[in-house]
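Participant: Got a structure for you, input_22.pdb, holding PDB, C-alpha atoms, pLDDT in the B column.
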ATOM      1  CA  MET A  12      57.653  71.026 111.794  1.00 42.00           C
ATOM      2  CA  LYS A  13      61.141  71.769 113.006  1.00 39.00           C
ATOM      3  CA  LYS A  14      62.570  69.504 110.318  1.00 41.00           C
ATOM      4  CA  TYR A  15      60.805  71.361 107.513  1.00 41.00           C
ATOM      5  CA  ALA A  16      61.674  74.706 109.043  1.00 42.00           C
ATOM      6  CA  LEU A  17      65.349  73.798 109.074  1.00 40.00           C
ATOM      7  CA  ILE A  18      65.195  72.692 105.451  1.00 43.00           C
ATOM      8  CA  ALA A  19      63.552  75.966 104.485  1.00 44.00           C
ATOM      9  CA  ILE A  20      66.199  77.982 106.293  1.00 43.00           C
ATOM     10  CA  ALA A  21      68.944  75.975 104.617  1.00 45.00           C
ATOM     11  CA  LEU A  22      67.443  76.624 101.194  1.00 43.00           C
ATOM     12  CA  ILE A  23      67.289  80.341 101.957  1.00 47.00           C
ATOM     13  CA  LEU A  24      70.875  80.467 103.190  1.00 49.00           C
ATOM     14  CA  LEU A  25      72.371  78.255 100.468  1.00 48.00           C
ATOM     15  CA  PRO A  26      72.531  80.937  97.731  1.00 50.00           C
ATOM     16  CA  SER A  27      74.198  83.430 100.074  1.00 49.00           C
ATOM     17  CA  MET A  28      76.680  80.790 101.211  1.00 49.00           C
ATOM     18  CA  LEU A  29      77.535  79.952  97.628  1.00 45.00           C
ATOM     19  CA  PHE A  30      77.903  83.648  96.825  1.00 43.00           C
ATOM     20  CA  ALA A  31      80.217  84.141  99.812  1.00 47.00           C
ATOM     21  CA  SER A  32      82.287  81.162  98.715  1.00 46.00           C
ATOM     22  CA  GLY A  33      82.498  82.534  95.179  1.00 46.00           C
ATOM     23  CA  ALA A  34      83.478  85.960  96.482  1.00 46.00           C
ATOM     24  CA  ALA A  35      86.366  84.444  98.421  1.00 50.00           C
ATOM     25  CA  GLU A  36      87.601  82.804  95.232  1.00 63.00           C
ATOM     26  CA  GLU A  37      87.418  86.112  93.357  1.00 74.00           C
ATOM     27  CA  LYS A  38      90.405  87.693  95.126  1.00 82.00           C
ATOM     28  CA  THR A  39      92.267  89.750  92.568  1.00 79.00           C
ATOM     29  CA  GLU A  40      94.692  91.901  94.620  1.00 94.00           C
ATOM     30  CA  TYR A  41      97.737  90.460  96.354  1.00 98.00           C
ATOM     31  CA  VAL A  42     100.190  92.409  98.506  1.00 98.00           C
ATOM     32  CA  PHE A  43     103.939  91.719  98.486  1.00 98.00           C
ATOM     33  CA  ALA A  44     106.287  93.117 101.130  1.00 98.00           C
ATOM     34  CA  THR A  45     109.690  94.568 100.272  1.00 98.00           C
ATOM     35  CA  ASP A  46     112.407  96.269 102.310  1.00 97.00           C
ATOM     36  CA  ALA A  47     113.312  99.287 100.174  1.00 95.00           C
ATOM     37  CA  THR A  48     116.990  99.462 101.124  1.00 90.00           C
ATOM     38  CA  TRP A  49     118.438  97.173  98.428  1.00 86.00           C
ATOM     39  CA  PRO A  50     119.061  98.941  95.109  1.00 86.00           C
ATOM     40  CA  PRO A  51     118.675  97.965  92.342  1.00 88.00           C
ATOM     41  CA  PHE A  52     116.091  95.453  93.589  1.00 93.00           C
ATOM     42  CA  GLU A  53     114.063  97.830  95.766  1.00 95.00           C
ATOM     43  CA  TYR A  54     114.764 101.309  97.127  1.00 94.00           C
ATOM     44  CA  ILE A  55     113.369 104.813  97.582  1.00 95.00           C
ATOM     45  CA  ASP A  56     114.506 107.181  94.834  1.00 94.00           C
ATOM     46  CA  GLU A  57     115.402 110.866  95.145  1.00 92.00           C
ATOM     47  CA  ASN A  58     111.741 111.810  94.723  1.00 96.00           C
ATOM     48  CA  GLY A  59     110.614 109.560  97.553  1.00 96.00           C
ATOM     49  CA  ASN A  60     109.140 106.892  95.264  1.00 97.00           C
ATOM     50  CA  LEU A  61     109.381 103.156  95.836  1.00 98.00           C
ATOM     51  CA  THR A  62     111.174 101.688  92.820  1.00 97.00           C
ATOM     52  CA  GLY A  63     113.565  98.978  91.646  1.00 96.00           C
ATOM     53  CA  PHE A  64     113.710  95.696  89.742  1.00 96.00           C
ATOM     54  CA  GLU A  65     111.377  93.685  91.982  1.00 98.00           C
ATOM     55  CA  VAL A  66     109.094  96.668  92.584  1.00 98.00           C
ATOM     56  CA  GLU A  67     108.433  96.706  88.823  1.00 98.00           C
ATOM     57  CA  LEU A  68     108.557  92.930  88.347  1.00 98.00           C
ATOM     58  CA  VAL A  69     105.839  92.031  90.858  1.00 98.00           C
ATOM     59  CA  PRO A  70     103.043  94.101  89.220  1.00 98.00           C
ATOM     60  CA  MET A  71     104.140  92.802  85.810  1.00 98.00           C
ATOM     61  CA  ILE A  72     103.702  89.219  87.015  1.00 98.00           C
ATOM     62  CA  GLY A  73     100.206  90.028  88.215  1.00 98.00           C
ATOM     63  CA  GLU A  74      99.278  91.777  84.981  1.00 98.00           C
ATOM     64  CA  ALA A  75     100.479  88.787  82.957  1.00 98.00           C
ATOM     65  CA  ILE A  76      97.895  86.554  84.657  1.00 97.00           C
ATOM     66  CA  GLY A  77      95.115  89.111  85.038  1.00 96.00           C
ATOM     67  CA  LYS A  78      95.627  89.841  88.744  1.00 96.00           C
ATOM     68  CA  THR A  79      96.690  92.919  90.700  1.00 98.00           C
ATOM     69  CA  PHE A  80      99.992  92.475  92.524  1.00 98.00           C
ATOM     70  CA  VAL A  81     101.090  95.457  94.621  1.00 98.00           C
ATOM     71  CA  VAL A  82     104.250  96.131  96.643  1.00 98.00           C
ATOM     72  CA  GLN A  83     104.505  97.673 100.123  1.00 97.00           C
ATOM     73  CA  ASN A  84     107.635  98.878 101.911  1.00 98.00           C
ATOM     74  CA  ILE A  85     108.138  96.795 105.096  1.00 97.00           C
ATOM     75  CA  PRO A  86     111.206  96.804 107.429  1.00 95.00           C
ATOM     76  CA  TRP A  87     113.403  93.745 106.950  1.00 93.00           C
ATOM     77  CA  ASP A  88     113.430  92.749 110.607  1.00 92.00           C
ATOM     78  CA  THR A  89     109.653  92.173 110.565  1.00 95.00           C
ATOM     79  CA  ILE A  90     109.168  91.036 106.997  1.00 97.00           C
ATOM     80  CA  PHE A  91     109.081  87.261 107.533  1.00 96.00           C
ATOM     81  CA  ALA A  92     106.995  87.450 110.709  1.00 96.00           C
ATOM     82  CA  GLY A  93     104.455  89.527 108.801  1.00 97.00           C
ATOM     83  CA  LEU A  94     104.303  86.901 106.066  1.00 98.00           C
ATOM     84  CA  ARG A  95     103.693  84.146 108.608  1.00 96.00           C
ATOM     85  CA  ASN A  96     100.964  86.229 110.268  1.00 96.00           C
ATOM     86  CA  GLY A  97      99.211  86.882 106.972  1.00 96.00           C
ATOM     87  CA  GLN A  98      99.752  90.650 106.972  1.00 97.00           C
ATOM     88  CA  TYR A  99     100.572  90.337 103.281  1.00 98.00           C
ATOM     89  CA  ASP A 100     100.542  87.584 100.680  1.00 98.00           C
ATOM     90  CA  GLY A 101     104.174  87.380  99.645  1.00 98.00           C
ATOM     91  CA  VAL A 102     107.693  88.747 100.024  1.00 98.00           C
ATOM     92  CA  ALA A 103     109.722  90.176  97.147  1.00 98.00           C
ATOM     93  CA  SER A 104     112.813  91.670  98.715  1.00 96.00           C
ATOM     94  CA  GLY A 105     115.977  90.134  97.310  1.00 92.00           C
ATOM     95  CA  VAL A 106     115.204  87.016  99.346  1.00 94.00           C
ATOM     96  CA  THR A 107     117.764  84.232  99.087  1.00 91.00           C
ATOM     97  CA  ILE A 108     116.494  80.650  99.078  1.00 94.00           C
ATOM     98  CA  THR A 109     117.911  78.817 102.108  1.00 92.00           C
ATOM     99  CA  GLU A 110     117.066  75.479 103.708  1.00 93.00           C
ATOM    100  CA  GLU A 111     116.071  77.271 106.901  1.00 93.00           C
ATOM    101  CA  ARG A 112     113.682  79.596 105.078  1.00 95.00           C
ATOM    102  CA  LYS A 113     112.200  76.733 103.049  1.00 96.00           C
ATOM    103  CA  ALA A 114     110.866  75.312 106.313  1.00 96.00           C
ATOM    104  CA  THR A 115     108.332  78.164 106.552  1.00 95.00           C
ATOM    105  CA  ILE A 116     108.309  79.739 103.064  1.00 98.00           C
ATOM    106  CA  ASP A 117     107.610  78.392  99.582  1.00 98.00           C
ATOM    107  CA  PHE A 118     109.708  79.985  96.830  1.00 98.00           C
ATOM    108  CA  SER A 119     109.018  80.836  93.218  1.00 98.00           C
ATOM    109  CA  THR A 120     111.199  80.067  90.258  1.00 97.00           C
ATOM    110  CA  PRO A 121     114.512  81.889  90.964  1.00 96.00           C
ATOM    111  CA  ILE A 122     114.684  85.390  89.506  1.00 97.00           C
ATOM    112  CA  ASN A 123     118.439  85.915  89.928  1.00 92.00           C
ATOM    113  CA  ASN A 124     121.723  84.365  91.061  1.00 88.00           C
ATOM    114  CA  GLN A 125     124.257  86.248  93.144  1.00 87.00           C
ATOM    115  CA  GLY A 126     126.636  85.978  96.096  1.00 92.00           C
ATOM    116  CA  GLN A 127     127.978  87.789  99.157  1.00 95.00           C
ATOM    117  CA  VAL A 128     131.018  90.039  98.792  1.00 95.00           C
ATOM    118  CA  LEU A 129     133.313  91.859 101.182  1.00 96.00           C
ATOM    119  CA  ILE A 130     133.542  95.643 100.799  1.00 95.00           C
ATOM    120  CA  ILE A 131     136.598  97.328 102.254  1.00 96.00           C
ATOM    121  CA  PRO A 132     138.159 100.799 102.295  1.00 95.00           C
ATOM    122  CA  SER A 133     140.245 101.276  99.163  1.00 93.00           C
ATOM    123  CA  ALA A 134     143.278 101.991 101.359  1.00 93.00           C
ATOM    124  CA  LYS A 135     143.248  98.328 102.501  1.00 94.00           C
ATOM    125  CA  ALA A 136     143.019  96.836  98.996  1.00 94.00           C
ATOM    126  CA  ASP A 137     146.687  95.754  98.899  1.00 94.00           C
ATOM    127  CA  ALA A 138     146.440  93.843 102.167  1.00 95.00           C
ATOM    128  CA  ILE A 139     142.977  92.302 101.799  1.00 97.00           C
ATOM    129  CA  LYS A 140     142.307  90.397  98.591  1.00 95.00           C
ATOM    130  CA  SER A 141     139.420  88.282  99.898  1.00 95.00           C
ATOM    131  CA  ILE A 142     137.410  87.684 103.049  1.00 96.00           C
ATOM    132  CA  ASN A 143     139.996  85.070 104.075  1.00 96.00           C
ATOM    133  CA  ASP A 144     142.602  87.837 104.429  1.00 97.00           C
ATOM    134  CA  LEU A 145     140.709  89.558 107.243  1.00 97.00           C
ATOM    135  CA  PRO A 146     142.566  89.221 110.549  1.00 95.00           C
ATOM    136  CA  GLU A 147     140.917  87.303 113.362  1.00 96.00           C
ATOM    137  CA  GLY A 148     138.551  89.556 115.288  1.00 97.00           C
ATOM    138  CA  ALA A 149     138.147  92.038 112.431  1.00 98.00           C
ATOM    139  CA  LYS A 150     134.983  94.117 112.758  1.00 98.00           C
ATOM    140  CA  VAL A 151     132.625  93.453 109.845  1.00 98.00           C
ATOM    141  CA  GLY A 152     129.258  95.156 109.324  1.00 98.00           C
ATOM    142  CA  VAL A 153     126.188  93.524 107.795  1.00 97.00           C
ATOM    143  CA  GLN A 154     122.435  94.045 107.581  1.00 94.00           C
ATOM    144  CA  ILE A 155     120.817  92.036 110.362  1.00 94.00           C
ATOM    145  CA  GLY A 156     119.028  88.827 109.397  1.00 92.00           C
ATOM    146  CA  THR A 157     120.389  88.646 105.856  1.00 91.00           C
ATOM    147  CA  THR A 158     122.294  85.763 104.278  1.00 90.00           C
ATOM    148  CA  GLY A 159     125.411  87.896 104.598  1.00 94.00           C
ATOM    149  CA  ASP A 160     124.801  87.897 108.342  1.00 95.00           C
ATOM    150  CA  PHE A 161     124.490  84.102 108.353  1.00 94.00           C
ATOM    151  CA  ALA A 162     127.527  83.602 106.107  1.00 94.00           C
ATOM    152  CA  LEU A 163     129.799  85.635 108.398  1.00 96.00           C
ATOM    153  CA  GLU A 164     129.186  83.193 111.241  1.00 95.00           C
ATOM    154  CA  SER A 165     131.645  80.837 109.508  1.00 94.00           C
ATOM    155  CA  TYR A 166     134.488  83.344 109.800  1.00 97.00           C
ATOM    156  CA  PRO A 167     136.526  84.399 112.888  1.00 97.00           C
ATOM    157  CA  VAL A 168     135.344  88.010 112.783  1.00 98.00           C
ATOM    158  CA  GLU A 169     133.343  90.279 115.053  1.00 98.00           C
ATOM    159  CA  ILE A 170     129.955  90.712 113.397  1.00 98.00           C
ATOM    160  CA  ARG A 171     128.310  94.092 113.799  1.00 98.00           C
ATOM    161  CA  ARG A 172     124.669  94.151 112.708  1.00 98.00           C
ATOM    162  CA  TYR A 173     122.776  97.140 111.276  1.00 97.00           C
ATOM    163  CA  ASP A 174     119.226  97.852 110.160  1.00 93.00           C
ATOM    164  CA  ASP A 175     120.442  98.443 106.609  1.00 89.00           C
ATOM    165  CA  ILE A 176     123.721  98.072 104.778  1.00 91.00           C
ATOM    166  CA  GLY A 177     124.026 101.822 104.203  1.00 90.00           C
ATOM    167  CA  LEU A 178     124.542 102.350 107.930  1.00 95.00           C
ATOM    168  CA  ALA A 179     127.334  99.759 107.931  1.00 96.00           C
ATOM    169  CA  ILE A 180     129.027 101.466 104.990  1.00 93.00           C
ATOM    170  CA  GLU A 181     128.908 104.831 106.745  1.00 94.00           C
ATOM    171  CA  ASP A 182     130.308 103.316 109.944  1.00 97.00           C
ATOM    172  CA  MET A 183     133.144 101.752 107.965  1.00 96.00           C
ATOM    173  CA  LEU A 184     133.950 105.108 106.373  1.00 94.00           C
ATOM    174  CA  ASN A 185     134.039 106.576 109.868  1.00 96.00           C
ATOM    175  CA  GLY A 186     136.756 104.088 110.793  1.00 96.00           C
ATOM    176  CA  ASN A 187     134.654 101.840 113.025  1.00 98.00           C
ATOM    177  CA  LEU A 188     134.658  98.741 110.783  1.00 98.00           C
ATOM    178  CA  ASP A 189     137.254  96.797 108.822  1.00 97.00           C
ATOM    179  CA  GLY A 190     134.753  95.751 106.191  1.00 97.00           C
ATOM    180  CA  ALA A 191     131.109  95.221 105.294  1.00 97.00           C
ATOM    181  CA  VAL A 192     129.312  92.325 103.628  1.00 97.00           C
ATOM    182  CA  CYS A 193     126.321  92.443 101.278  1.00 93.00           C
ATOM    183  CA  ASP A 194     124.967  90.955  98.040  1.00 88.00           C
ATOM    184  CA  SER A 195     127.210  91.389  95.006  1.00 87.00           C
ATOM    185  CA  LEU A 196     124.528  93.289  93.077  1.00 80.00           C
ATOM    186  CA  ILE A 197     123.876  95.586  95.992  1.00 81.00           C
ATOM    187  CA  ALA A 198     127.596  96.245  96.327  1.00 85.00           C
ATOM    188  CA  SER A 199     127.886  97.062  92.636  1.00 77.00           C
ATOM    189  CA  ASP A 200     124.918  99.412  92.476  1.00 70.00           C
ATOM    190  CA  PHE A 201     124.876 100.938  95.944  1.00 65.00           C
ATOM    191  CA  VAL A 202     128.599 101.226  96.580  1.00 70.00           C
ATOM    192  CA  LEU A 203     130.738 101.084  93.455  1.00 67.00           C
ATOM    193  CA  LYS A 204     128.378 103.134  91.266  1.00 71.00           C
ATOM    194  CA  ASN A 205     127.739 105.708  93.973  1.00 77.00           C
ATOM    195  CA  GLU A 206     129.909 108.704  93.170  1.00 78.00           C
ATOM    196  CA  ASN A 207     130.213 109.507  96.879  1.00 80.00           C
ATOM    197  CA  TYR A 208     132.019 106.197  97.451  1.00 82.00           C
ATOM    198  CA  ALA A 209     133.805 105.652  94.119  1.00 74.00           C
ATOM    199  CA  ASP A 210     137.319 106.442  95.365  1.00 83.00           C
ATOM    200  CA  LEU A 211     136.803 105.306  98.942  1.00 90.00           C
ATOM    201  CA  LEU A 212     135.596 101.709  98.694  1.00 90.00           C
ATOM    202  CA  THR A 213     136.347  98.544  96.751  1.00 90.00           C
ATOM    203  CA  VAL A 214     135.217  94.911  96.648  1.00 90.00           C
ATOM    204  CA  ALA A 215     137.783  92.399  97.902  1.00 93.00           C
ATOM    205  CA  GLY A 216     137.864  89.459  95.514  1.00 89.00           C
ATOM    206  CA  GLU A 217     134.989  87.366  94.185  1.00 87.00           C
ATOM    207  CA  PRO A 218     131.689  86.477  95.905  1.00 91.00           C
ATOM    208  CA  PHE A 219     132.281  83.926  98.669  1.00 94.00           C
ATOM    209  CA  THR A 220     128.762  82.438  98.504  1.00 93.00           C
ATOM    210  CA  ALA A 221     126.423  81.338  95.697  1.00 90.00           C
ATOM    211  CA  GLU A 222     122.751  82.172  96.147  1.00 90.00           C
ATOM    212  CA  GLU A 223     119.431  82.067  94.302  1.00 93.00           C
ATOM    213  CA  ILE A 224     116.950  84.936  94.735  1.00 95.00           C
ATOM    214  CA  ALA A 225     113.197  84.254  94.544  1.00 98.00           C
ATOM    215  CA  ILE A 226     109.760  85.524  95.572  1.00 98.00           C
ATOM    216  CA  GLY A 227     108.367  83.919  98.739  1.00 98.00           C
ATOM    217  CA  VAL A 228     104.840  83.016  99.878  1.00 98.00           C
ATOM    218  CA  GLN A 229     103.402  81.364 102.976  1.00 97.00           C
ATOM    219  CA  LYS A 230     104.236  77.677 103.241  1.00 97.00           C
ATOM    220  CA  GLY A 231     101.492  75.702 101.531  1.00 97.00           C
ATOM    221  CA  ASN A 232     100.052  78.596  99.513  1.00 97.00           C
ATOM    222  CA  THR A 233     100.336  76.664  96.263  1.00 98.00           C
ATOM    223  CA  GLU A 234      97.590  78.695  94.575  1.00 96.00           C
ATOM    224  CA  LEU A 235      99.527  81.964  94.778  1.00 98.00           C
ATOM    225  CA  LEU A 236     102.852  80.253  94.107  1.00 98.00           C
ATOM    226  CA  ASP A 237     101.467  78.725  90.911  1.00 98.00           C
ATOM    227  CA  MET A 238     100.173  82.123  89.801  1.00 98.00           C
ATOM    228  CA  ILE A 239     103.578  83.741  90.408  1.00 98.00           C
ATOM    229  CA  ASN A 240     105.400  81.025  88.489  1.00 98.00           C
ATOM    230  CA  GLU A 241     102.870  81.181  85.652  1.00 98.00           C
ATOM    231  CA  GLY A 242     103.285  84.946  85.364  1.00 98.00           C
ATOM    232  CA  LEU A 243     107.064  84.688  85.553  1.00 98.00           C
ATOM    233  CA  GLN A 244     107.121  82.093  82.783  1.00 98.00           C
ATOM    234  CA  ILE A 245     105.005  84.326  80.541  1.00 98.00           C
ATOM    235  CA  LEU A 246     107.417  87.230  81.095  1.00 98.00           C
ATOM    236  CA  MET A 247     110.440  85.013  80.515  1.00 97.00           C
ATOM    237  CA  ASP A 248     108.953  83.631  77.293  1.00 98.00           C
ATOM    238  CA  ASN A 249     107.951  87.005  75.823  1.00 98.00           C
ATOM    239  CA  GLY A 250     111.253  88.714  76.675  1.00 97.00           C
ATOM    240  CA  GLU A 251     109.868  91.235  79.171  1.00 98.00           C
ATOM    241  CA  PHE A 252     111.741  89.642  82.075  1.00 97.00           C
ATOM    242  CA  ASP A 253     115.136  89.975  80.366  1.00 94.00           C
ATOM    243  CA  ALA A 254     114.297  93.511  79.252  1.00 96.00           C
ATOM    244  CA  LEU A 255     113.556  94.486  82.854  1.00 96.00           C
ATOM    245  CA  LYS A 256     116.845  92.970  84.036  1.00 91.00           C
ATOM    246  CA  ASP A 257     118.683  94.949  81.373  1.00 87.00           C
ATOM    247  CA  LYS A 258     116.923  98.141  82.481  1.00 91.00           C
ATOM    248  CA  TRP A 259     118.181  97.712  86.048  1.00 88.00           C
ATOM    249  CA  GLY A 260     121.651  96.459  85.097  1.00 78.00           C
ATOM    250  CA  ILE A 261     121.113  93.005  86.576  1.00 81.00           C
ATOM    251  CA  ILE A 262     123.289  90.287  85.077  1.00 68.00           C
TER     252      ILE A 262
END
Let me see the file written as structure tokens.

Facilitator:
Amino acid sequence: MKKYALIAIALILLPSMLFASGAAEEKTEYVFATDATWPPFEYIDENGNLTGFEVELVPMIGEAIGKTFVVQNIPWDTIFAGLRNGQYDGVASGVTITEERKATIDFSTPINNQGQVLIIPSAKADAIKSINDLPEGAKVGVQIGTTGDFALESYPVEIRRYDDIGLAIEDMLNGNLDGAVCDSLIASDFVLKNENYADLLTVAGEPFTAEEIAIGVQKGNTELLDMINEGLQILMDNGEFDALKDKWGII
């Protein structure tokens, strides 16, 4: 009797189990974290809205494959831990592909190439033509945990770390730093195009690193990674990807 009872119960439960399994496969919304302090990739505009190249790109990728991809503003210092813990599905925040990050993150097709540059007060432009001209022990500001932070470890300078690059820039203008390091695109948009800084700051020389920027997902999440790459390829093929780069002045 017990045997038949168990079979009957299994038959009753089987449809609900199959439905639950199907429901799990029907996920249509995916959340991507971004640290909105990196114009033109992601930032908060004058009206308090989250905007930028990646903020627009991510939903476009989802739309191209019939999914809903949304972006949330997450502080940089917690962004990778949150990805590992499953608080969101991906990270789209000007993330550079590095060997260290590839140990825990899988990356999409690169969406941009750039490098780190040194920003200095314009008054020092004659003496400092590149990062190699900084004197030993020079105080250099950088956003904590970025590739600029890592790159500075190869130079004999005193690294001062900030929650965002804007704080480093302000500290440099206050005379507390000899320079600041950030992505070349960030430097161009946030510093050189900012009318408040136009006559005060300059970039010393060319980028001293070469980096690829991509969207990251949890290690082993090939399903989402394939969807991102599929959507990206559609946008690249139909011209929408290049049009978006042109809109945000990304070379």

Participant: With distances taken over all atoms listed in the file, which residue among A:Pro70, A:Pro86, A:Pro218, A:Pro121 lies nearest A:Ala198?

Facilitator: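 Checking each candidate against A:Ala198, we get A:Pro218 as the closest.
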
Participant: Name the residues that the PyMOL selection byres ((chain A and resi 123) around 9) picks from the file above, as number ranges by chain, using the file's chain letters and numbers.

Facilitator: A: 105, 121-122, 124-125, 222-225, 261-262

Participant: What is the atom CA of A:Val228-atom CA of A:Ala191 distance in Å, reported with one decimal?

Facilitator: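 So the answer is 29.5 Å.
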
Participant: When the PyMOL selection byres ((chain A and resi 153) around 10) is applied to the file above, which residues end up in the set, as a tab-separated table (two decimals) with C-alpha atoms, in the frame of the given file?

Facilitator:
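Everything below was put into result_39.tsv:
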chain	number	residue	atom	x	y	z
A	129	LEU	CA	133.31	91.86	101.18
A	151	VAL	CA	132.62	93.45	109.84
A	152	GLY	CA	129.26	95.16	109.32
A	154	GLN	CA	122.44	94.04	107.58
A	155	ILE	CA	120.82	92.04	110.36
A	156	GLY	CA	119.03	88.83	109.40
A	157	THR	CA	120.39	88.65	105.86
A	158	THR	CA	122.29	85.76	104.28
A	159	GLY	CA	125.41	87.90	104.60
A	160	ASP	CA	124.80	87.90	108.34
A	161	PHE	CA	124.49	84.10	108.35
A	163	LEU	CA	129.80	85.64	108.40
A	170	ILE	CA	129.96	90.71	113.40
A	171	ARG	CA	128.31	94.09	113.80
A	172	ARG	CA	124.67	94.15	112.71
A	173	TYR	CA	122.78	97.14	111.28
A	174	ASP	CA	119.23	97.85	110.16
A	175	ASP	CA	120.44	98.44	106.61
A	176	ILE	CA	123.72	98.07	104.78
A	177	GLY	CA	124.03	101.82	104.20
A	178	LEU	CA	124.54	102.35	107.93
A	179	ALA	CA	127.33	99.76	107.93
A	180	ILE	CA	129.03	101.47	104.99
A	190	GLY	CA	134.75	95.75	106.19
A	191	ALA	CA	131.11	95.22	105.29
A	192	VAL	CA	129.31	92.32	103.63
A	193	CYS	CA	126.32	92.44	101.28

Participant: Written as a list in words, which residues does the PyMOL selection byres ((chain A and resi 245-250) around 12) give for the file shown?

Facilitator: Leu68, Val69, Pro70, Met71, Ile72, Gly73, Glu74, Ala75, Ile76, Gly77, Thr120, Pro121, Ile122, Met238, Ile239, Asn240, Glu241, Gly242, Leu243, Gln244, Glu251, Phe252, Asp253, Ala254, Leu255, Lys256 and Asp257 of chain A

Participant: Atom CA of A:Ala92 and atom CA of A:Ser104 are how many Å apart?

Facilitator: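 These two atoms are separated by 14.0 Å.
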
Participant: Compare A:Asn84, A:Gln229, A:Ser165, A:Thr115 by their minimum atom-to-atom distance to A:Trp49, counting only C-alpha atoms, and give me the closest one.

Facilitator: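 The closest residue to A:Trp49 is A:Asn84.
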
Participant: One number please: atom CA of A:Gly216 to atom CA of A:Leu196, in Å, one decimal.

Facilitator: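 Straight-line distance from atom CA of A:Gly216 to atom CA of A:Leu196 works out to 14.1 Å.
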
Participant: Hey, what's within 12 Å of A:Tyr54 if we count all atoms listed in the file and toss same-chain stuff fewer than 2 positions away? As a ChimeraX atom specification, please?

Facilitator: /A:45-52,56-67,82-86,104-105,175,177,197,200-201

Participant: Put those residues in a file: C-alpha atoms, as an mmCIF file, in the frame of the given file.

Facilitator:
data_model
loop_
_atom_site.group_PDB
_atom_site.id
_atom_site.type_symbol
_atom_site.label_atom_id
_atom_site.label_comp_id
_atom_site.auth_asym_id
_atom_site.auth_seq_id
_atom_site.Cartn_x
_atom_site.Cartn_y
_atom_site.Cartn_z
ATOM 1 C CA THR A 45 109.690 94.568 100.272
ATOM 2 C CA ASP A 46 112.407 96.269 102.310
ATOM 3 C CA ALA A 47 113.312 99.287 100.174
ATOM 4 C CA THR A 48 116.990 99.462 101.124
ATOM 5 C CA TRP A 49 118.438 97.173 98.428
ATOM 6 C CA PRO A 50 119.061 98.941 95.109
ATOM 7 C CA PRO A 51 118.675 97.965 92.342
ATOM 8 C CA PHE A 52 116.091 95.453 93.589
ATOM 9 C CA ASP A 56 114.506 107.181 94.834
ATOM 10 C CA GLU A 57 115.402 110.866 95.145
ATOM 11 C CA ASN A 58 111.741 111.810 94.723
ATOM 12 C CA GLY A 59 110.614 109.560 97.553
ATOM 13 C CA ASN A 60 109.140 106.892 95.264
ATOM 14 C CA LEU A 61 109.381 103.156 95.836
ATOM 15 C CA THR A 62 111.174 101.688 92.820
ATOM 16 C CA GLY A 63 113.565 98.978 91.646
ATOM 17 C CA PHE A 64 113.710 95.696 89.742
ATOM 18 C CA GLU A 65 111.377 93.685 91.982
ATOM 19 C CA VAL A 66 109.094 96.668 92.584
ATOM 20 C CA GLU A 67 108.433 96.706 88.823
ATOM 21 C CA VAL A 82 104.250 96.131 96.643
ATOM 22 C CA GLN A 83 104.505 97.673 100.123
ATOM 23 C CA ASN A 84 107.635 98.878 101.911
ATOM 24 C CA ILE A 85 108.138 96.795 105.096
ATOM 25 C CA PRO A 86 111.206 96.804 107.429
ATOM 26 C CA SER A 104 112.813 91.670 98.715
ATOM 27 C CA GLY A 105 115.977 90.134 97.310
ATOM 28 C CA ASP A 175 120.442 98.443 106.609
ATOM 29 C CA GLY A 177 124.026 101.822 104.203
ATOM 30 C CA ILE A 197 123.876 95.586 95.992
ATOM 31 C CA ASP A 200 124.918 99.412 92.476
ATOM 32 C CA PHE A 201 124.876 100.938 95.944
#

Participant: Specify the axis-aligned box that encloses all atoms of stretch 75-79 of chain A listed in the file after padding of 8 Å on each side, stating its centre and edge lengths in Å to one decimal as AutoDock Vina command-line options.

Facilitator:
--center_x 97.8 --center_y 89.7 --center_z 86.8 --size_x 21.4 --size_y 22.4 --size_z 23.7

Participant: Write out as a Markdown table a residue-level contact list of stretch 104-188 of chain A versus stretch 203-214 of chain A with cut-off 6 Å: for each qualifying residue the closest pair of atoms and the distance in Å to one decimal, counting all atoms listed in the file, rows sorted by chain and residue number upward.

Facilitator:
| residue | atom | partner | partner_atom | distance |
| --- | --- | --- | --- | --- |
| A:Leu129 | CA | A:Val214 | CA | 5.8 |
| A:Ile130 | CA | A:Val214 | CA | 4.5 |
| A:Ile131 | CA | A:Thr213 | CA | 5.6 |
| A:Pro132 | CA | A:Leu212 | CA | 4.5 |
| A:Ser133 | CA | A:Leu212 | CA | 4.7 |

Participant: Counting all atoms listed in the file, which residues sit no farther than 8 Å from the position (132.6, 82.4, 102.8) in the file's frame? I'd like them as a PyMOL selection string.

Facilitator: chain A and resi 127+142-143+162-163+165-166+219-220

Participant: Rank nothing, just name the residue among A:Val81, A:Val128, A:Val42, A:Leu184 nearest to A:Gln98, using only C-alpha atoms.

Facilitator: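 The shortest atom-to-atom distance to A:Gln98 comes from A:Val42.
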